[in-house]
Amino acid sequence: MLGNFTYENPTKLYFGKDALSYLQEELALYGPNVQFIYGGGSIKRNGIYEKIMTVLQAAHKRVIEDGGVMPNPTLDKLYEGCRAAKEQKADLLLAVGGGSVCDYAKAVAVSAYCETDPWDTYYAHMRRIKNKIIPVGCVLTMAGTGSEMNGGSVITNTAEKRKIARVFDARVFPRFAVLNPEFTMTVPKYQMAAGCYDIMSHLMEQYFSGTDDTASDYIAEGMMRSLVHSSRQAIRDPQDYEARSNIMWLASWALNSFIGKGKSQDWMVHMLGQSLGAYTNATHGMTLAAVSLPYYRHIVKAGEAKFARFAQTVWQVRPDGKTAADIAAEGLQCLEAWMRSLGLVLHARELGMTEEMIPQIAEGVFITHGGYETLTREAVEDILQQSL
């Protein structure tokens, strides 16, 4: 039975090969000062930077450049962006890139006019926003996080080795997002595969919880099947527009809060992966891949019925003559085979984790209570050990 909920998503999406043609009319809704946020420079090499600058100039905007956003945006970078936004009186934060760039833009949006330390206020203590929020718009160049259509923002405090995800309310959602699947085609296969697994992990975090028969779970199963199919196509041919467009659309819907409504959610894989990432600075989707199978094999008995259903509906495991435990185990084997086919990292040591790091990484793991088992500190350390 679905619980009570309110669903709101104010983000306007422009999708397809002509999506960028709508950017100028969106820019007309905001003041003259646009903070142009991007990452390490790939948009300059692939021509997207020039396309965006052409539109900004045609819209007569004064551009405040804010490049160099790293894959795991740091607190120091956030402080830098906040200073620029406030001093230059940014009217719009235009994030052009993948999920990290979008996450960073939302962090700047809520933090620039915060009168206290934004890390302490909005991340460490998760307080409500009481200050001015700068509007955000996105032009997406990598699919995976869903950050273009949600309030999520992940920031890493390198000094404390803490990586914290904050989910802000609808006021912080991007006002608009431009999604052209062609813009994702220059992303290296490693990053594309990481993005695909991020999508799958978002779906599983919301799926592996609860015992009720909910419409949300049926939707998630369909999305997982579609992702498995399209990811295999994209790995074979990264220029396959149909596959890339399906992956991009799935990423937005996997984490725009739609399929999680009315049910409990887990999110322990993300808590494990984020703490691992804080210590290794590894690619987010790969940290999730490294800890997922050890975690799910740890909790599979507690959620046996749902894992058996996952095996049959997503992976078409035949149940004939098998126990629920056998079916559930086979489903996880199918998940692992798909992960290997994408070239995902399955061992945390490949990301730089050592056995000596485990107690510190475990200390940084937030414990959630929405899944099939609430982990103890001992269980967290055991899962991390298994991930090596």
# chains A, B, ... in the order shown; residues from 1 in each chain; ligands from 1

call {"tool": "residues_around", "arguments": {"residues": "stretch 52-59 of chain A", "least_positions_apart": "2", "cutoff": "10 Å", "atoms": "only C-alpha atoms", "output": "ChimeraX atom specification"}}
result
/A:20-28,32,34,36,43,47-50,61-63,94,96,139

call {"tool": "residues_around", "arguments": {"residues": "A:Val314", "least_positions_apart": "2", "cutoff": "9 Å", "atoms": "only C-alpha atoms", "output": "number ranges by chain"}}
result
A: 221-222, 224-225, 228, 309-312, 316-317, 331

call {"tool": "write_last_selection", "arguments": {"atoms": "N, CA, C and O atoms", "output": "compact mmCIF listing (two decimals), in the first residue's frame"}}
result
# COMPACT_ATOMS: atom_id res chain seq x y z
N GLU A 221 10.99 -1.65 -11.94
CA GLU A 221 11.39 -2.87 -12.66
C GLU A 221 11.47 -2.62 -14.16
O GLU A 221 12.41 -3.06 -14.83
N GLY A 222 10.49 -1.89 -14.70
CA GLY A 222 10.52 -1.57 -16.12
C GLY A 222 11.72 -0.71 -16.47
O GLY A 222 12.37 -0.90 -17.50
N MET A 224 14.59 -0.60 -14.85
CA MET A 224 15.81 -1.41 -14.75
C MET A 224 15.99 -2.27 -16.00
O MET A 224 17.10 -2.39 -16.53
N ARG A 225 14.92 -2.88 -16.49
CA ARG A 225 15.02 -3.69 -17.71
C ARG A 225 15.47 -2.84 -18.90
O ARG A 225 16.31 -3.24 -19.71
N VAL A 228 19.24 -1.98 -18.55
CA VAL A 228 20.11 -3.11 -18.89
C VAL A 228 20.23 -3.24 -20.41
O VAL A 228 21.34 -3.38 -20.96
N ARG A 309 11.95 -11.64 -6.49
CA ARG A 309 11.13 -10.94 -7.49
C ARG A 309 12.02 -10.19 -8.47
O ARG A 309 11.78 -10.22 -9.69
N PHE A 310 13.06 -9.52 -7.99
CA PHE A 310 14.03 -8.82 -8.81
C PHE A 310 14.67 -9.78 -9.83
O PHE A 310 14.81 -9.45 -11.01
N ALA A 311 15.03 -10.95 -9.36
CA ALA A 311 15.66 -11.94 -10.24
C ALA A 311 14.74 -12.34 -11.39
O ALA A 311 15.17 -12.46 -12.54
N GLN A 312 13.47 -12.52 -11.07
CA GLN A 312 12.53 -13.00 -12.08
C GLN A 312 12.07 -11.89 -13.03
O GLN A 312 11.95 -12.12 -14.24
N GLN A 316 14.81 -12.25 -15.67
CA GLN A 316 14.11 -13.40 -16.25
C GLN A 316 14.66 -14.74 -15.75
O GLN A 316 14.77 -15.73 -16.50
N VAL A 317 15.03 -14.80 -14.48
CA VAL A 317 15.46 -16.05 -13.87
C VAL A 317 14.25 -16.97 -13.75
O VAL A 317 13.20 -16.57 -13.24
N GLY A 331 19.69 -14.03 -9.08
CA GLY A 331 19.47 -12.65 -9.53
C GLY A 331 20.69 -11.78 -9.29
O GLY A 331 21.07 -10.97 -10.14

call {"tool": "atom_distance", "arguments": {"atom1": "atom CA of A:His229", "atom2": "atom CA of A:Ala243"}}
result
8.3 Å

call {"tool": "select_by_dssp", "arguments": {"residues": "stretch 69-152 of chain A", "states": "strand (DSSP E or B)", "output": "list in words"}}
result
Thr74, Leu92, Leu93, Leu94, Ala95, Val96, Gly97, Val136, Gly137, Cys138, Val139, Leu140 and Gly152 of chain A

call {"tool": "write_last_selection", "arguments": {"atoms": "all heavy atoms", "output": "PDB file, in the first residue's frame"}}
result
ATOM      1  N   THR A  74      34.508  19.982  -4.108  1.00  0.00           N
ATOM      2  CA  THR A  74      35.029  20.161  -2.760  1.00  0.00           C
ATOM      3  C   THR A  74      34.440  21.389  -2.082  1.00  0.00           C
ATOM      4  O   THR A  74      33.931  22.311  -2.740  1.00  0.00           O
ATOM      5  CB  THR A  74      36.560  20.310  -2.786  1.00  0.00           C
ATOM      6  OG1 THR A  74      36.891  21.527  -3.478  1.00  0.00           O
ATOM      7  CG2 THR A  74      37.216  19.124  -3.486  1.00  0.00           C
ATOM      8  N   LEU A  92      21.665  34.069 -12.384  1.00  0.00           N
ATOM      9  CA  LEU A  92      21.404  32.678 -12.762  1.00  0.00           C
ATOM     10  C   LEU A  92      22.716  31.907 -12.714  1.00  0.00           C
ATOM     11  O   LEU A  92      23.755  32.414 -13.142  1.00  0.00           O
ATOM     12  CB  LEU A  92      20.823  32.587 -14.177  1.00  0.00           C
ATOM     13  CG  LEU A  92      20.613  31.178 -14.749  1.00  0.00           C
ATOM     14  CD1 LEU A  92      19.456  30.474 -14.040  1.00  0.00           C
ATOM     15  CD2 LEU A  92      20.360  31.236 -16.258  1.00  0.00           C
ATOM     16  N   LEU A  93      22.663  30.691 -12.201  1.00  0.00           N
ATOM     17  CA  LEU A  93      23.801  29.787 -12.236  1.00  0.00           C
ATOM     18  C   LEU A  93      23.528  28.777 -13.339  1.00  0.00           C
ATOM     19  O   LEU A  93      22.599  27.977 -13.241  1.00  0.00           O
ATOM     20  CB  LEU A  93      23.961  29.070 -10.895  1.00  0.00           C
ATOM     21  CG  LEU A  93      24.074  29.980  -9.655  1.00  0.00           C
ATOM     22  CD1 LEU A  93      24.092  29.139  -8.381  1.00  0.00           C
ATOM     23  CD2 LEU A  93      25.301  30.869  -9.733  1.00  0.00           C
ATOM     24  N   LEU A  94      24.309  28.825 -14.417  1.00  0.00           N
ATOM     25  CA  LEU A  94      24.111  27.924 -15.550  1.00  0.00           C
ATOM     26  C   LEU A  94      25.168  26.831 -15.497  1.00  0.00           C
ATOM     27  O   LEU A  94      26.348  27.066 -15.778  1.00  0.00           O
ATOM     28  CB  LEU A  94      24.203  28.689 -16.878  1.00  0.00           C
ATOM     29  CG  LEU A  94      23.957  27.837 -18.131  1.00  0.00           C
ATOM     30  CD1 LEU A  94      22.533  27.283 -18.147  1.00  0.00           C
ATOM     31  CD2 LEU A  94      24.224  28.659 -19.399  1.00  0.00           C
ATOM     32  N   ALA A  95      24.750  25.630 -15.114  1.00  0.00           N
ATOM     33  CA  ALA A  95      25.653  24.490 -14.971  1.00  0.00           C
ATOM     34  C   ALA A  95      25.690  23.714 -16.281  1.00  0.00           C
ATOM     35  O   ALA A  95      24.652  23.228 -16.742  1.00  0.00           O
ATOM     36  CB  ALA A  95      25.179  23.582 -13.840  1.00  0.00           C
ATOM     37  N   VAL A  96      26.868  23.595 -16.866  1.00  0.00           N
ATOM     38  CA  VAL A  96      27.030  22.861 -18.119  1.00  0.00           C
ATOM     39  C   VAL A  96      28.018  21.723 -17.867  1.00  0.00           C
ATOM     40  O   VAL A  96      29.210  21.946 -17.693  1.00  0.00           O
ATOM     41  CB  VAL A  96      27.539  23.778 -19.249  1.00  0.00           C
ATOM     42  CG1 VAL A  96      27.654  23.005 -20.557  1.00  0.00           C
ATOM     43  CG2 VAL A  96      26.607  24.982 -19.412  1.00  0.00           C
ATOM     44  N   GLY A  97      27.509  20.507 -17.807  1.00  0.00           N
ATOM     45  CA  GLY A  97      28.354  19.365 -17.499  1.00  0.00           C
ATOM     46  C   GLY A  97      27.535  18.200 -16.986  1.00  0.00           C
ATOM     47  O   GLY A  97      26.352  18.062 -17.311  1.00  0.00           O
ATOM     48  N   VAL A 136      18.975  28.094 -10.683  1.00  0.00           N
ATOM     49  CA  VAL A 136      19.916  27.220 -11.387  1.00  0.00           C
ATOM     50  C   VAL A 136      19.273  26.713 -12.675  1.00  0.00           C
ATOM     51  O   VAL A 136      18.086  26.378 -12.703  1.00  0.00           O
ATOM     52  CB  VAL A 136      20.313  26.016 -10.512  1.00  0.00           C
ATOM     53  CG1 VAL A 136      21.172  25.019 -11.293  1.00  0.00           C
ATOM     54  CG2 VAL A 136      21.052  26.478  -9.257  1.00  0.00           C
ATOM     55  N   GLY A 137      20.072  26.655 -13.733  1.00  0.00           N
ATOM     56  CA  GLY A 137      19.681  25.991 -14.968  1.00  0.00           C
ATOM     57  C   GLY A 137      20.793  25.036 -15.371  1.00  0.00           C
ATOM     58  O   GLY A 137      21.952  25.246 -14.999  1.00  0.00           O
ATOM     59  N   CYS A 138      20.468  23.969 -16.102  1.00  0.00           N
ATOM     60  CA  CYS A 138      21.472  22.965 -16.457  1.00  0.00           C
ATOM     61  C   CYS A 138      21.464  22.664 -17.951  1.00  0.00           C
ATOM     62  O   CYS A 138      20.396  22.625 -18.575  1.00  0.00           O
ATOM     63  CB  CYS A 138      21.202  21.650 -15.710  1.00  0.00           C
ATOM     64  SG  CYS A 138      21.392  21.751 -13.924  1.00  0.00           S
ATOM     65  N   VAL A 139      22.654  22.452 -18.481  1.00  0.00           N
ATOM     66  CA  VAL A 139      22.821  21.836 -19.798  1.00  0.00           C
ATOM     67  C   VAL A 139      23.631  20.575 -19.536  1.00  0.00           C
ATOM     68  O   VAL A 139      24.800  20.651 -19.159  1.00  0.00           O
ATOM     69  CB  VAL A 139      23.549  22.766 -20.785  1.00  0.00           C
ATOM     70  CG1 VAL A 139      23.738  22.053 -22.130  1.00  0.00           C
ATOM     71  CG2 VAL A 139      22.782  24.066 -20.968  1.00  0.00           C
ATOM     72  N   LEU A 140      23.006  19.434 -19.707  1.00  0.00           N
ATOM     73  CA  LEU A 140      23.615  18.173 -19.280  1.00  0.00           C
ATOM     74  C   LEU A 140      24.514  17.582 -20.359  1.00  0.00           C
ATOM     75  O   LEU A 140      24.140  17.535 -21.524  1.00  0.00           O
ATOM     76  CB  LEU A 140      22.506  17.178 -18.932  1.00  0.00           C
ATOM     77  CG  LEU A 140      22.885  15.999 -18.028  1.00  0.00           C
ATOM     78  CD1 LEU A 140      23.334  16.471 -16.652  1.00  0.00           C
ATOM     79  CD2 LEU A 140      21.696  15.047 -17.888  1.00  0.00           C
ATOM     80  N   GLY A 152      19.233  17.280  -5.108  1.00  0.00           N
ATOM     81  CA  GLY A 152      20.406  16.683  -4.498  1.00  0.00           C
ATOM     82  C   GLY A 152      21.678  17.468  -4.774  1.00  0.00           C
ATOM     83  O   GLY A 152      21.861  18.030  -5.850  1.00  0.00           O
TER      84      GLY A 152
END

call {"tool": "residues_around", "arguments": {"residues": "stretch 37-41 of chain A", "least_positions_apart": "3", "cutoff": "9 Å", "atoms": "only C-alpha atoms", "output": "PyMOL selection string"}}
result
chain A and resi 44-45+49+64-71+81+93-98+100-102+104-105

call {"tool": "write_last_selection", "arguments": {"atoms": "C-alpha atoms", "output": "PDB file, in the first residue's frame"}}
result
ATOM      1  CA  LYS A  44      35.956  23.355 -24.686  1.00  0.00           C
ATOM      2  CA  ARG A  45      37.423  20.383 -26.544  1.00  0.00           C
ATOM      3  CA  TYR A  49      31.510  25.627 -24.581  1.00  0.00           C
ATOM      4  CA  ILE A  64      30.919  35.103 -14.916  1.00  0.00           C
ATOM      5  CA  GLU A  65      33.107  32.104 -15.713  1.00  0.00           C
ATOM      6  CA  ASP A  66      33.344  29.434 -13.012  1.00  0.00           C
ATOM      7  CA  GLY A  67      35.257  26.501 -14.463  1.00  0.00           C
ATOM      8  CA  GLY A  68      37.291  23.748 -12.902  1.00  0.00           C
ATOM      9  CA  VAL A  69      34.528  21.981 -10.992  1.00  0.00           C
ATOM     10  CA  MET A  70      36.016  18.614 -10.053  1.00  0.00           C
ATOM     11  CA  PRO A  71      34.229  15.215 -10.288  1.00  0.00           C
ATOM     12  CA  GLY A  81      31.911  29.798  -6.263  1.00  0.00           C
ATOM     13  CA  LEU A  93      23.801  29.787 -12.236  1.00  0.00           C
ATOM     14  CA  LEU A  94      24.111  27.924 -15.550  1.00  0.00           C
ATOM     15  CA  ALA A  95      25.653  24.490 -14.971  1.00  0.00           C
ATOM     16  CA  VAL A  96      27.030  22.861 -18.119  1.00  0.00           C
ATOM     17  CA  GLY A  97      28.354  19.365 -17.499  1.00  0.00           C
ATOM     18  CA  GLY A  98      27.508  16.214 -15.593  1.00  0.00           C
ATOM     19  CA  SER A 100      28.972  17.007 -10.217  1.00  0.00           C
ATOM     20  CA  VAL A 101      28.644  20.355 -11.980  1.00  0.00           C
ATOM     21  CA  CYS A 102      24.889  20.398 -11.343  1.00  0.00           C
ATOM     22  CA  TYR A 104      27.946  22.169  -7.236  1.00  0.00           C
ATOM     23  CA  ALA A 105      25.654  24.759  -8.821  1.00  0.00           C
TER      24      ALA A 105
END

call {"tool": "select_by_dssp", "arguments": {"residues": "stretch 57-107 of chain A", "states": "alpha helix (DSSP H)", "output": "CSV table (one decimal) with all heavy atoms, in the first residue's frame"}}
result
chain,number,residue,atom,x,y,z
A,57,GLN,N,25.9,35.2,-25.5
A,57,GLN,CA,26.1,36.5,-26.1
A,57,GLN,C,24.9,37.0,-26.9
A,57,GLN,O,24.6,38.2,-26.8
A,57,GLN,CB,27.3,36.4,-27.1
A,57,GLN,CG,28.7,36.2,-26.3
A,57,GLN,CD,29.8,35.7,-27.2
A,57,GLN,OE1,29.6,35.5,-28.4
A,57,GLN,NE2,31.0,35.4,-26.6
A,58,ALA,N,24.2,36.1,-27.5
A,58,ALA,CA,23.0,36.5,-28.3
A,58,ALA,C,21.9,37.0,-27.3
A,58,ALA,O,21.1,37.8,-27.7
A,58,ALA,CB,22.5,35.3,-29.1
A,75,LEU,N,34.6,21.4,-0.8
A,75,LEU,CA,34.1,22.6,0.0
A,75,LEU,C,34.9,23.8,-0.4
A,75,LEU,O,34.3,24.9,-0.5
A,75,LEU,CB,34.3,22.3,1.5
A,75,LEU,CG,33.8,23.3,2.5
A,75,LEU,CD1,32.3,23.7,2.3
A,75,LEU,CD2,34.0,22.9,3.9
A,76,ASP,N,36.2,23.7,-0.6
A,76,ASP,CA,37.0,24.9,-1.0
A,76,ASP,C,36.5,25.5,-2.3
A,76,ASP,O,36.4,26.7,-2.5
A,76,ASP,CB,38.5,24.5,-1.1
A,76,ASP,CG,39.1,24.2,0.2
A,76,ASP,OD1,38.6,24.7,1.2
A,76,ASP,OD2,40.2,23.6,0.2
A,77,LYS,N,36.1,24.6,-3.3
A,77,LYS,CA,35.6,25.1,-4.5
A,77,LYS,C,34.2,25.7,-4.3
A,77,LYS,O,33.9,26.7,-4.9
A,77,LYS,CB,35.5,23.9,-5.5
A,77,LYS,CG,34.9,24.3,-6.9
A,77,LYS,CD,35.7,25.3,-7.6
A,77,LYS,CE,35.1,25.6,-9.0
A,77,LYS,NZ,35.9,26.7,-9.6
A,78,LEU,N,33.4,25.2,-3.4
A,78,LEU,CA,32.1,25.8,-3.1
A,78,LEU,C,32.3,27.2,-2.6
A,78,LEU,O,31.6,28.1,-3.0
A,78,LEU,CB,31.4,24.9,-2.1
A,78,LEU,CG,30.1,25.5,-1.5
A,78,LEU,CD1,29.1,25.8,-2.6
A,78,LEU,CD2,29.5,24.6,-0.5
A,79,TYR,N,33.3,27.4,-1.6
A,79,TYR,CA,33.5,28.7,-1.1
A,79,TYR,C,33.9,29.7,-2.2
A,79,TYR,O,33.5,30.9,-2.3
A,79,TYR,CB,34.6,28.7,-0.1
A,79,TYR,CG,34.3,28.0,1.2
A,79,TYR,CD1,35.3,27.3,2.0
A,79,TYR,CD2,33.0,28.0,1.7
A,79,TYR,CE1,35.0,26.7,3.2
A,79,TYR,CE2,32.7,27.4,2.9
A,79,TYR,CZ,33.7,26.7,3.6
A,79,TYR,OH,33.4,26.1,4.8
A,80,GLU,N,34.7,29.2,-3.2
A,80,GLU,CA,35.2,30.0,-4.3
A,80,GLU,C,34.0,30.5,-5.1
A,80,GLU,O,33.8,31.6,-5.5
A,80,GLU,CB,36.2,29.2,-5.1
A,80,GLU,CG,36.7,29.9,-6.4
A,80,GLU,CD,37.5,29.0,-7.2
A,80,GLU,OE1,38.4,28.3,-6.7
A,80,GLU,OE2,37.3,28.9,-8.5
A,81,GLY,N,33.1,29.5,-5.4
A,81,GLY,CA,31.9,29.8,-6.3
A,81,GLY,C,30.9,30.7,-5.6
A,81,GLY,O,30.3,31.6,-6.2
A,82,CYS,N,30.8,30.6,-4.3
A,82,CYS,CA,29.9,31.5,-3.5
A,82,CYS,C,30.4,32.9,-3.5
A,82,CYS,O,29.6,33.9,-3.7
A,82,CYS,CB,29.8,31.0,-2.1
A,82,CYS,SG,28.9,29.5,-1.8
A,83,ARG,N,31.7,33.1,-3.4
A,83,ARG,CA,32.3,34.4,-3.4
A,83,ARG,C,32.0,35.1,-4.8
A,83,ARG,O,31.6,36.3,-4.9
A,83,ARG,CB,33.8,34.4,-3.2
A,83,ARG,CG,34.2,34.2,-1.7
A,83,ARG,CD,35.7,34.5,-1.5
A,83,ARG,NE,36.5,33.6,-2.2
A,83,ARG,CZ,36.9,32.4,-1.8
A,83,ARG,NH1,36.6,32.0,-0.6
A,83,ARG,NH2,37.7,31.6,-2.5
A,84,ALA,N,32.2,34.3,-5.9
A,84,ALA,CA,32.0,34.9,-7.2
A,84,ALA,C,30.5,35.2,-7.4
A,84,ALA,O,30.2,36.3,-7.9
A,84,ALA,CB,32.4,33.9,-8.3
A,85,ALA,N,29.6,34.4,-7.0
A,85,ALA,CA,28.2,34.6,-7.2
A,85,ALA,C,27.7,35.8,-6.4
A,85,ALA,O,26.9,36.6,-7.0
A,85,ALA,CB,27.4,33.4,-6.7
A,86,LYS,N,28.2,36.0,-5.2
A,86,LYS,CA,27.8,37.1,-4.4
A,86,LYS,C,28.4,38.4,-4.9
A,86,LYS,O,27.7,39.5,-5.0
A,86,LYS,CB,28.1,36.9,-2.9
A,86,LYS,CG,27.4,37.8,-2.0
A,86,LYS,CD,27.6,37.4,-0.5
A,86,LYS,CE,26.8,38.3,0.4
A,86,LYS,NZ,27.0,37.9,1.8
A,87,GLU,N,29.7,38.4,-5.1
A,87,GLU,CA,30.4,39.6,-5.5
A,87,GLU,C,29.9,40.1,-6.9
A,87,GLU,O,29.8,41.3,-7.1
A,87,GLU,CB,31.9,39.4,-5.5
A,87,GLU,CG,32.5,39.2,-4.1
A,87,GLU,CD,34.0,38.8,-4.2
A,87,GLU,OE1,34.5,38.7,-5.3
A,87,GLU,OE2,34.5,38.5,-3.1
A,99,GLY,N,26.7,15.4,-13.5
A,99,GLY,CA,26.1,15.6,-12.2
A,99,GLY,C,26.8,16.4,-11.2
A,99,GLY,O,26.3,17.1,-10.4
A,100,SER,N,28.2,16.3,-11.2
A,100,SER,CA,29.0,17.0,-10.2
A,100,SER,C,28.8,18.5,-10.4
A,100,SER,O,28.8,19.3,-9.5
A,100,SER,CB,30.4,16.6,-10.3
A,100,SER,OG,30.6,15.2,-9.9
A,101,VAL,N,28.8,18.9,-11.7
A,101,VAL,CA,28.6,20.4,-12.0
A,101,VAL,C,27.3,20.8,-11.5
A,101,VAL,O,27.1,21.9,-11.0
A,101,VAL,CB,28.9,20.6,-13.5
A,101,VAL,CG1,28.6,22.0,-13.9
A,101,VAL,CG2,30.3,20.3,-13.9
A,102,CYS,N,26.2,20.0,-11.8
A,102,CYS,CA,24.9,20.4,-11.3
A,102,CYS,C,24.8,20.4,-9.8
A,102,CYS,O,24.2,21.3,-9.2
A,102,CYS,CB,23.9,19.4,-11.9
A,102,CYS,SG,23.8,19.4,-13.7
A,103,ASP,N,25.4,19.4,-9.2
A,103,ASP,CA,25.4,19.4,-7.7
A,103,ASP,C,26.1,20.6,-7.1
A,103,ASP,O,25.6,21.3,-6.2
A,103,ASP,CB,26.2,18.2,-7.2
A,103,ASP,CG,25.4,16.9,-7.2
A,103,ASP,OD1,24.3,16.9,-7.8
A,103,ASP,OD2,25.8,15.9,-6.5
A,104,TYR,N,27.2,21.0,-7.7
A,104,TYR,CA,27.9,22.2,-7.2
A,104,TYR,C,27.1,23.4,-7.4
A,104,TYR,O,27.1,24.3,-6.5
A,104,TYR,CB,29.3,22.2,-8.0
A,104,TYR,CG,30.0,23.6,-7.9
A,104,TYR,CD1,30.8,23.9,-6.8
A,104,TYR,CD2,29.9,24.5,-8.9
A,104,TYR,CE1,31.5,25.1,-6.7
A,104,TYR,CE2,30.6,25.7,-8.9
A,104,TYR,CZ,31.4,26.0,-7.8
A,104,TYR,OH,32.1,27.2,-7.7
A,105,ALA,N,26.5,23.6,-8.6
A,105,ALA,CA,25.7,24.8,-8.8
A,105,ALA,C,24.6,24.9,-7.8
A,105,ALA,O,24.3,26.0,-7.3
A,105,ALA,CB,25.0,24.7,-10.2
A,106,LYS,N,23.9,23.8,-7.4
A,106,LYS,CA,22.9,23.9,-6.4
A,106,LYS,C,23.4,24.3,-5.0
A,106,LYS,O,22.8,25.0,-4.2
A,106,LYS,CB,22.1,22.6,-6.3
A,106,LYS,CG,21.1,22.4,-7.5
A,106,LYS,CD,20.4,21.1,-7.5
A,106,LYS,CE,21.2,20.0,-8.1
A,106,LYS,NZ,20.4,18.7,-8.2
A,107,ALA,N,24.6,23.8,-4.7
A,107,ALA,CA,25.3,24.1,-3.5
A,107,ALA,C,25.6,25.6,-3.4
A,107,ALA,O,25.4,26.3,-2.4
A,107,ALA,CB,26.6,23.3,-3.3

call {"tool": "residues_around", "arguments": {"residues": "A:Gly3", "least_positions_apart": "3", "cutoff": "12 Å", "atoms": "only C-alpha atoms", "output": "NGL selection string"}}
result
:A and (6 or 210 or 212-216 or 260-264)

call {"tool": "residues_around", "arguments": {"residues": "A:Asn72", "least_positions_apart": "6", "cutoff": "9 Å", "atoms": "only C-alpha atoms", "output": "list in words"}}
result
Ser100, Val154, Ile155, Thr156, Lys163, Gly277, Ala278, Asn281, Ala282, Thr283 and His284 of chain A

call {"tool": "write_last_selection", "arguments": {"atoms": "C-alpha atoms", "output": "compact mmCIF listing (two decimals), in the first residue's frame"}}
result
# COMPACT_ATOMS: atom_id res chain seq x y z
CA SER A 100 28.97 17.01 -10.22
CA VAL A 154 26.95 16.23 -2.83
CA ILE A 155 29.96 18.10 -1.45
CA THR A 156 33.26 16.69 -0.17
CA LYS A 163 31.37 13.39 1.59
CA GLY A 277 34.80 8.25 -2.24
CA ALA A 278 35.74 10.74 0.47
CA ASN A 281 38.31 10.56 -4.60
CA ALA A 282 37.16 7.81 -6.95
CA THR A 283 34.39 8.13 -9.54
CA HIS A 284 31.03 8.03 -7.76

call {"tool": "residues_around", "arguments": {"residues": "A:Asn9", "least_positions_apart": "3", "cutoff": "12 Å", "atoms": "only C-alpha atoms", "output": "ChimeraX atom specification"}}
result
/A:6,12-13,148-151,169-176,252-253,255-258

call {"tool": "closest_residue", "arguments": {"among": "A:Val380, A:Ala337, A:Leu203, A:Ala302", "to": "A:Thr145", "atoms": "only C-alpha atoms"}}
result
A:Leu203

call {"tool": "residues_around", "arguments": {"residues": "A:Thr211", "least_positions_apart": "5", "cutoff": "12 Å", "atoms": "only C-alpha atoms", "output": "PyMOL selection string"}}
result
chain A and resi 1-2+217+263-265+302-307+309+370-372

call {"tool": "atom_distance", "arguments": {"atom1": "atom CA of A:Asp326", "atom2": "atom CA of A:Phe208"}}
result
17.5 Å

call {"tool": "closest_atom_pairs", "arguments": {"of": "stretch 285-317 of chain A", "to": "stretch 190-199 of chain A", "cutoff": "7 Å", "atoms": "only C-alpha atoms", "output": "CSV"}}
result
residue,atom,partner,partner_atom,distance
A:Gly285,CA,A:Ala194,CA,4.3
A:Met286,CA,A:Ala194,CA,5.6
A:Ala289,CA,A:Tyr197,CA,6.9
